[in-house]
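Colleague: Quick one: the structure is below, questions incoming.
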Amino acid sequence: MAFKPSQRSHTKIREIPLDIRPVMNLMVCLIPILLYSAEFVKLSIRELNLPPAGTSDRGNQNNPLTEQEKRFQLTVIISKRGFYIGNRAGYLTGEANTQAEPAIPAMEGGNYDFERLRQQLIEIKEKIKDQGFVDENSIIISAEADIEYKHIIRLMDYITIYTDAQGNEKELFPQINIGTVI
Amino acid sequence: MAFIPSKRKKHLLFAQEELNLTSMMDAMTIILLFLLKTYSTTGEIISPASDLRLPYSLSTQAPHKELTVSVTRDNILVSDQRVMMVDDIDPRSTMIGALYTELSRRAREAKQNEIQYAIPFTREVIVVADENVPFQLLFKVIYTCGSSEYDKLRLLTIRER
């Protein structure tokens with residue numbers, strides 16, 4: 001049987017104040033240092049590798065090895081009116097069925113319909129897959145002269161990866177090239 | 001009429017109170033942990049400017065410290081040193097002359113350093129551009145970078161979550 005605690009014990013436990021001044025000193029120094037070097041905005045980068053200076057596509061075509069390669073040369077052009085999608089052979093036509101109309105017109109209010117563009121590109125990706133194109137992962141981005149940089153970055157976001165129906169992230173066209181100004 | 005102060009309470013001893021710092025310590029500890037978590041060791045890549053707002057991107061690749069070419073609304077800078085004004089760019093040529101001269105000089109220096117001190121010349125350049133820079137200007141900058149041997153471009157963006 002457990003003992004009953006003694007009724008006589010009335011000794012008070014004296015509270016000893018914790019001396020936290022050294023810790024406080026440390027904190028006061030550490031917080032400004034860390035605040036100074038803290039990263040509040042997370043930065044990220046988009047890689048864009050240019051062909052080395054001095055070689056151009058024209059130079060490559062003279063090379064017999066590359067002449068045999070099949071190139072698709074998928075191009076997306078951003079214009080004020082929407083996206084044009086095409087390759088060397090020609091451009092996709094939009095609802096108006098003329099090549100002068102963008103394949104995916106911009107939405108009202110000046111925003112671009114990136115989701116539709118992505119759907120269209122996924123379709124193209126499925127079609128050209130395993131057909132022996134050497135550039136099946138690359139895409140050329142071009143734009144009108146006054147298209148803003150943020151739209152180009154946004155476009156890069158949408159065309160590099162996509163999430164399929166099963167929720168897996170897949171590569172769409174991760175190799176981005178920049179084409180000339182239209 | 002004012003009350004007469006109590007004569008009895010006048011002789012009460014005021015106990016010396018210690019300042020209670022426990023709650024402050026709690027807050028400090030949390031702040032410290034939070035700051036330690038967001039601590040960066042890479043150093044600053046960009047210095048903020050009023051005429052430079054980076055675009056948002058879903059990219060998750062972390063940047064390294066490299067040579068930066070900044071295109072703000074009014075100026076073009078290389079490593080935070082102004083090279084030229086945006087307005088001074090020749091609208092007819094694709095190459096930006098002053099930027100090309102500066103980048104070529106840096107490329108030569110970097111190659112010298114590679115030979116003498118074995119500091120590798122990565123050919124990488126971080127393009128820090130304002131989100132409203134038109135494509136034409138961006139293309140010229142990219143073309144100039146590519147021509148002056150910096151052909152691995154890294155477009156700096158703010159990570160969106």
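Numbering starts fresh at 1 for the residues of each chain in the structure tokens, the chains themselves are lettered A, B, ... in the order given, and ligands are numbered from 1 as they appear.
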Which residues of chain B come within 7 Å of chain A, and for each one, what is the closest pair of atoms and their distance in Å to one decimal, counting only C-alpha atoms, sorted by chain and residue number, as JSON lines?
Modeller:
```
{"residue": "B:Met28", "atom": "CA", "partner": "A:Met27", "partner_atom": "CA", "distance": 7.0}
{"residue": "B:Leu32", "atom": "CA", "partner": "A:Ile31", "partner_atom": "CA", "distance": 6.2}
{"residue": "B:Leu35", "atom": "CA", "partner": "A:Leu34", "partner_atom": "CA", "distance": 5.7}
{"residue": "B:Leu36", "atom": "CA", "partner": "A:Leu34", "partner_atom": "CA", "distance": 6.8}
{"residue": "B:Thr38", "atom": "CA", "partner": "A:Ala38", "partner_atom": "CA", "distance": 5.5}
{"residue": "B:Tyr39", "atom": "CA", "partner": "A:Ala38", "partner_atom": "CA", "distance": 4.9}
{"residue": "B:Ser40", "atom": "CA", "partner": "A:Glu39", "partner_atom": "CA", "distance": 6.1}
{"residue": "B:Pro55", "atom": "CA", "partner": "A:Lys150", "partner_atom": "CA", "distance": 5.2}
{"residue": "B:Ser57", "atom": "CA", "partner": "A:Asp157", "partner_atom": "CA", "distance": 6.4}
{"residue": "B:Leu58", "atom": "CA", "partner": "A:Asp157", "partner_atom": "CA", "distance": 6.0}
{"residue": "B:Ser59", "atom": "CA", "partner": "A:Ser44", "partner_atom": "CA", "distance": 6.1}
{"residue": "B:Thr60", "atom": "CA", "partner": "A:Ser44", "partner_atom": "CA", "distance": 5.7}
{"residue": "B:Gln61", "atom": "CA", "partner": "A:Ser44", "partner_atom": "CA", "distance": 5.3}
{"residue": "B:Ala62", "atom": "CA", "partner": "A:Ser44", "partner_atom": "CA", "distance": 4.9}
{"residue": "B:Pro63", "atom": "CA", "partner": "A:Ser44", "partner_atom": "CA", "distance": 5.6}
{"residue": "B:Glu131", "atom": "CA", "partner": "A:Lys150", "partner_atom": "CA", "distance": 4.7}
{"residue": "B:Asn132", "atom": "CA", "partner": "A:Glu148", "partner_atom": "CA", "distance": 4.9}
{"residue": "B:Val133", "atom": "CA", "partner": "A:Tyr149", "partner_atom": "CA", "distance": 5.3}
{"residue": "B:Pro134", "atom": "CA", "partner": "A:Glu148", "partner_atom": "CA", "distance": 4.5}
{"residue": "B:Phe135", "atom": "CA", "partner": "A:Ala145", "partner_atom": "CA", "distance": 5.3}
{"residue": "B:Gln136", "atom": "CA", "partner": "A:Ala145", "partner_atom": "CA", "distance": 4.5}
{"residue": "B:Gly146", "atom": "CA", "partner": "A:Ala53", "partner_atom": "CA", "distance": 6.1}
{"residue": "B:Ser147", "atom": "CA", "partner": "A:Ala53", "partner_atom": "CA", "distance": 5.3}
{"residue": "B:Glu149", "atom": "CA", "partner": "A:Ala53", "partner_atom": "CA", "distance": 6.4}
{"residue": "B:Asp151", "atom": "CA", "partner": "A:Leu50", "partner_atom": "CA", "distance": 5.1}
{"residue": "B:Lys152", "atom": "CA", "partner": "A:Asn49", "partner_atom": "CA", "distance": 4.6}
{"residue": "B:Leu153", "atom": "CA", "partner": "A:Leu48", "partner_atom": "CA", "distance": 5.0}
{"residue": "B:Arg154", "atom": "CA", "partner": "A:Glu47", "partner_atom": "CA", "distance": 4.7}
{"residue": "B:Leu155", "atom": "CA", "partner": "A:Arg46", "partner_atom": "CA", "distance": 4.9}
{"residue": "B:Leu156", "atom": "CA", "partner": "A:Ile45", "partner_atom": "CA", "distance": 4.6}
{"residue": "B:Thr157", "atom": "CA", "partner": "A:Ser44", "partner_atom": "CA", "distance": 5.3}
{"residue": "B:Ile158", "atom": "CA", "partner": "A:Leu43", "partner_atom": "CA", "distance": 4.6}
{"residue": "B:Arg159", "atom": "CA", "partner": "A:Leu43", "partner_atom": "CA", "distance": 5.3}
```
Colleague: Please identify the alpha helix (DSSP H) residues within stretch 8-37 of chain A (assignment by DSSP from backbone atoms) and present them as a ChimeraX atom specification.
Modeller: /A:21-37
Colleague: Where does DSSP see strand (DSSP E or B) in chain B, if you list the residues as a compact mmCIF listing (two decimals) with N, CA, C and O atoms, in the first residue's frame?
Modeller:
```
# COMPACT_ATOMS: atom_id res chain seq x y z
N TYR B 39 16.43 31.36 -43.83
CA TYR B 39 17.80 31.85 -44.00
C TYR B 39 18.36 31.42 -45.35
O TYR B 39 18.17 30.29 -45.78
N TYR B 56 6.01 36.47 -62.43
CA TYR B 56 5.77 35.28 -61.62
C TYR B 56 5.84 34.04 -62.49
O TYR B 56 5.41 34.07 -63.64
N SER B 57 6.38 32.99 -61.94
CA SER B 57 6.48 31.75 -62.71
C SER B 57 6.28 30.57 -61.79
O SER B 57 6.46 30.66 -60.58
N GLN B 61 13.13 25.82 -60.14
CA GLN B 61 14.59 25.72 -60.17
C GLN B 61 15.19 26.89 -59.40
O GLN B 61 14.83 28.04 -59.63
N LEU B 67 26.65 36.10 -63.20
CA LEU B 67 26.61 37.45 -63.77
C LEU B 67 25.17 37.80 -64.11
O LEU B 67 24.43 36.98 -64.64
N THR B 68 24.75 39.01 -63.75
CA THR B 68 23.37 39.37 -64.04
C THR B 68 23.32 40.48 -65.09
O THR B 68 24.15 41.38 -65.10
N VAL B 69 22.34 40.35 -65.96
CA VAL B 69 22.02 41.42 -66.89
C VAL B 69 20.61 41.86 -66.53
O VAL B 69 19.67 41.07 -66.63
N SER B 70 20.46 43.08 -66.05
CA SER B 70 19.14 43.55 -65.63
C SER B 70 18.57 44.49 -66.68
O SER B 70 19.27 45.36 -67.19
N VAL B 71 17.32 44.26 -66.99
CA VAL B 71 16.61 45.15 -67.91
C VAL B 71 15.46 45.75 -67.11
O VAL B 71 14.46 45.09 -66.85
N ASN B 75 16.67 51.35 -67.71
CA ASN B 75 18.11 51.13 -67.85
C ASN B 75 18.43 49.68 -68.14
O ASN B 75 17.65 48.78 -67.87
N ILE B 76 19.63 49.49 -68.64
CA ILE B 76 20.19 48.14 -68.77
C ILE B 76 21.43 48.10 -67.90
O ILE B 76 22.30 48.97 -68.01
N LEU B 77 21.49 47.12 -67.01
CA LEU B 77 22.60 47.03 -66.08
C LEU B 77 23.28 45.68 -66.21
O LEU B 77 22.64 44.67 -66.48
N VAL B 78 24.58 45.69 -66.01
CA VAL B 78 25.32 44.44 -65.91
C VAL B 78 25.97 44.44 -64.54
O VAL B 78 26.69 45.37 -64.21
N GLN B 81 25.68 47.56 -62.49
CA GLN B 81 26.30 48.79 -62.99
C GLN B 81 25.62 49.17 -64.29
O GLN B 81 25.50 48.34 -65.20
N ARG B 82 25.22 50.43 -64.37
CA ARG B 82 24.44 50.82 -65.53
C ARG B 82 25.32 50.86 -66.77
O ARG B 82 26.41 51.42 -66.75
N VAL B 83 24.84 50.22 -67.81
CA VAL B 83 25.57 50.21 -69.07
C VAL B 83 25.00 51.26 -70.01
O VAL B 83 25.72 52.00 -70.65
N MET B 84 23.69 51.29 -70.08
CA MET B 84 23.06 52.26 -70.98
C MET B 84 21.60 52.44 -70.61
O MET B 84 21.05 51.71 -69.80
N MET B 85 20.99 53.44 -71.25
CA MET B 85 19.56 53.65 -71.08
C MET B 85 18.82 52.85 -72.15
O MET B 85 19.34 52.62 -73.24
N GLU B 124 27.08 31.15 -68.09
CA GLU B 124 25.72 31.39 -67.64
C GLU B 124 25.51 32.87 -67.32
O GLU B 124 26.41 33.53 -66.81
N VAL B 125 24.34 33.36 -67.62
CA VAL B 125 24.02 34.73 -67.28
C VAL B 125 22.57 34.76 -66.82
O VAL B 125 21.71 34.05 -67.35
N ILE B 126 22.33 35.51 -65.75
CA ILE B 126 20.97 35.63 -65.25
C ILE B 126 20.35 36.88 -65.86
O ILE B 126 20.89 37.98 -65.71
N VAL B 127 19.25 36.69 -66.55
CA VAL B 127 18.55 37.84 -67.13
C VAL B 127 17.46 38.27 -66.16
O VAL B 127 16.54 37.52 -65.88
N VAL B 128 17.64 39.45 -65.60
CA VAL B 128 16.66 39.98 -64.65
C VAL B 128 15.90 41.06 -65.40
O VAL B 128 16.41 42.14 -65.63
N ALA B 129 14.68 40.73 -65.80
CA ALA B 129 13.94 41.70 -66.61
C ALA B 129 12.63 42.05 -65.95
O ALA B 129 12.01 41.23 -65.29
N PRO B 134 9.00 44.87 -73.27
CA PRO B 134 8.44 44.29 -74.49
C PRO B 134 9.35 43.20 -75.09
O PRO B 134 10.56 43.20 -74.85
N LYS B 152 24.04 30.56 -72.03
CA LYS B 152 23.13 29.83 -71.13
C LYS B 152 22.37 30.85 -70.31
O LYS B 152 22.86 31.34 -69.29
N LEU B 153 21.19 31.16 -70.76
CA LEU B 153 20.43 32.21 -70.12
C LEU B 153 19.58 31.64 -69.00
O LEU B 153 19.04 30.55 -69.10
N ARG B 154 19.51 32.39 -67.93
CA ARG B 154 18.63 32.02 -66.82
C ARG B 154 17.69 33.19 -66.60
O ARG B 154 18.13 34.25 -66.19
N LEU B 155 16.43 32.98 -66.88
CA LEU B 155 15.47 34.07 -66.71
C LEU B 155 14.98 34.06 -65.27
O LEU B 155 14.40 33.09 -64.81
N LEU B 156 15.24 35.13 -64.56
CA LEU B 156 14.90 35.17 -63.14
C LEU B 156 13.43 35.54 -62.96
O LEU B 156 12.94 36.49 -63.57
N THR B 157 12.75 34.75 -62.13
CA THR B 157 11.34 35.00 -61.87
C THR B 157 11.07 34.84 -60.38
O THR B 157 11.90 34.33 -59.65
N ILE B 158 9.90 35.27 -59.98
CA ILE B 158 9.47 35.05 -58.60
C ILE B 158 8.67 33.76 -58.56
O ILE B 158 7.80 33.55 -59.40
N ARG B 159 8.99 32.92 -57.60
CA ARG B 159 8.29 31.64 -57.51
C ARG B 159 6.87 31.85 -57.02
O ARG B 159 6.63 32.52 -56.02
```
Colleague: Using only C-alpha atoms, which residues sit within 8 Å of A:Leu172 once same-chain residues fewer than 4 positions away are excluded, as a ChimeraX atom specification?
Modeller: /A:121-122,125,137,159-162
Colleague: With C-alpha atoms retained, write the just-selected residues as a PDB file, in the first residue's frame.
Modeller:
```
ATOM      1  CA  LEU A 121      -0.351  21.419 -77.559  1.00  0.00           C
ATOM      2  CA  ILE A 122      -1.042  18.174 -75.687  1.00  0.00           C
ATOM      3  CA  LYS A 125       2.390  16.217 -78.646  1.00  0.00           C
ATOM      4  CA  ASN A 137      10.544  18.060 -77.093  1.00  0.00           C
ATOM      5  CA  ILE A 159       4.181  24.671 -72.299  1.00  0.00           C
ATOM      6  CA  THR A 160       6.928  22.964 -70.355  1.00  0.00           C
ATOM      7  CA  ILE A 161       4.917  20.588 -68.181  1.00  0.00           C
ATOM      8  CA  TYR A 162       1.349  19.450 -67.833  1.00  0.00           C
TER       9      TYR A 162
END
```
Colleague: As a ChimeraX atom specification, please: the residues near B:Tyr143 (cut-off 9 Å, only C-alpha atoms, same-chain neighbours under 5 positions excluded).
Modeller: /A:50 /B:94-96,138,148,151
Colleague: What is the distance, in Å and to one decimal place, between atom CA of B:Glu66 and atom CA of B:Ile119?
Modeller: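 Pair atom CA of B:Glu66 / atom CA of B:Ile119 returns 12.7 Å.
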Colleague: Quick one, how far is atom CA of A:Gly90 from atom CA of A:Val76?
Modeller: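 Result for atom CA of A:Gly90 versus atom CA of A:Val76: 11.7 Å, one decimal.
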